[in-house]
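Working notes, beginning with the structure itself.
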Amino acid sequence: MPNRRRLSAIPRTRTFARSLVALLAAASGACGNDAGSGGTAGGDVGGTPSATAGTSGTLGGGGRLGSSGGAPQAGAGAQAGAGAAGSAGAGNAGGRSASSGGARGNLGGMGNGGMQGAAASAGAGTGGGADAGVGGRVNAGGTSGAGGRSSGNGGRGGNPGSAGTTGSAGTSGGGVFSPCQFHFGTIDSIAKANPSMIAQLDFFTPGWMGQKDTFDMKYVCDEANTGGELAGKVPVIVAYVAAFYAKRHLGRCDCNVNTCGTNNDLCHDGAADVQGNLSAIINVYKSYAQGFASCYGTTKPIVFEMEPDWYQYTISSQTQPMTAAQAGSIMSQFVTAVKESLPNARFSMDISPWVGSNGADNGADWYSHFDMSLFSFINTSGGSTQANATKIRSSNEMTWAGVSKATGKPILADTGYGANGASAGPDPNWDTASNINARIADGVVAISQYNPASNWGATIASVRSQLNTPKTCP
């Protein structure tokens, strides 16, 4: 068997312990995670929720936007003269600017010589403006600016400004990362136990999703909403819904666990279980999406890392293996079920470095069977990733740059845990600026240290200024 990764079972959803280790092996098959029946804390990655103010239309001496998601500041009052209308900026796809970030510039105050033209600022810049969903809305054009009034100083009123132009439709995928930089995250319980690092984090990972048939993750909303300990940090949630369903209802184990009996695991019966219970599994996805929509809302960014080791359901040891096309079709149904209630959600597709011929084609054939327009990212989910090498894992042929190019997506990397849930400890290779910059060049945009040192916040602060800007910033 090729690589098998193990997730250890922890009954409480809110705990962080899970083992996502890649047991690197031969390339004849695929493997599974071991997330015991009680579930695991896991996955990570995401982006910052702070809003980068959108680009406003040009005002006749009007106000400017507040920086870094701050409230818009009023500009100096417009002098008498023509009040030029604002041109609408291009609408970027992606969620609204989060929390306090203003999306429009304020009109300037009254000038000494007259009032500025009332030009509408219609553009929505990165992270702001366009509603979440696949593709931002077309922004409305600015309205014609009103002519300036004459003031007590005798100045003449300005001519009416011309109407702003209509902004172009946004592309799919924006609204998670702002500002455009490399991002750091860890498990929620680790962050809360070491509050000094929270200011440096961009995202957090809670327990894995799908441990029950109905929504049980309100605590994530409590942590991320205003007033929560992780307010302003993006939740990046590992969705292991199909696998948990088979484990919970049909008694399966993960592929490298032998406590369920001979071959009673996801690598033998998992594909049949998923296909035979597809409607029920989709309903679980819907329940969680509805739950998050109710307690978290439908505008702030949230990321779902979909079904670790999904590739395992196509391998020859399965009693009813899926074709790659079937695997792609079912995955699209899962994403669609979530988007019905969470139009702001962003999705990440799992990386299995051993796909095909031990990853030699960087997953090009595997990913060709998926609608990759539904995904903003791809992600590792088993740890043991190499920050200081071009290969994701030493025993597989897949490279960071190769899989990013094959999918056209940026990568969310993780460090993971050791065997049987034992702490793997901090991975210092992912704290070294030269290593991170090399991976940034390969398409990596974030790292989740699952078990960082307690002073990791200081490490992040010292490294950030040395890092290059990622090539893409969804």
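Ligands are numbered from 1 in the order shown, chains are lettered A, B, ... in the order of the structure tokens, and residues start at 1 in each chain.
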
- prompt: Skipping near chain neighbours, those fewer than 6 positions away, what residues fall within 8 Å of stretch 348-365 of chain A using only C-alpha atoms, listed as an MDAnalysis selection string?
  reply: chainID A and resid 2:3 26:28 30 303:311 375:381 392:393 396:399 402:403 406:407

Using 8 Å as the limit and counting only C-alpha atoms, can you tabulate each residue of stretch 292-368 of chain A that touches stretch 218-229 of chain A, with its shortest atom-to-atom distance in Å and the two atoms involved, as a Markdown table?
| residue | atom | partner | partner_atom | distance |
| --- | --- | --- | --- | --- |
| A:Phe292 | CA | A:Cys221 | CA | 7.3 |
| A:Cys295 | CA | A:Cys221 | CA | 5.9 |
| A:Tyr296 | CA | A:Cys221 | CA | 5.2 |

Write the selection just made, keeping C-alpha atoms, as a PDB file, in the first residue's frame?
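Wrote it out as part_11.pdb, contents follow:
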ATOM      1  CA  PHE A 292     -22.948  27.593  10.546  1.00  0.00           C
ATOM      2  CA  CYS A 295     -24.602  31.063  14.225  1.00  0.00           C
ATOM      3  CA  TYR A 296     -21.757  32.459  12.087  1.00  0.00           C
TER       4      TYR A 296
END

message: To one decimal place in Å, what is the distance between atom CA of A:Ser373 and atom CA of A:Glu340?
response: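 Those two atoms sit 16.5 Å apart.
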
task: Rank A:Lys471, A:Ile447, A:Thr319, A:Leu342 by their smallest atom-to-atom distance to A:Leu201, using only C-alpha atoms, and report the top residue only.
output: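 Looking at the shortest contact to A:Leu201, the residue is A:Ile447.
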
message: Can you pull out every residue from stretch 311-463 of chain A that DSSP, working from the backbone, puts in strand (DSSP E or B), and format the result as an MDAnalysis selection string?
response: chainID A and resid 345:350 377:379 391 399 411:414 444:448

Given only C-alpha atoms as the counted atoms, nearest of A:Pro470, A:Gly261, A:Pro410, A:Pro206 to A:Ile436: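 Smallest separation from A:Ile436 among the options: A:Pro470.
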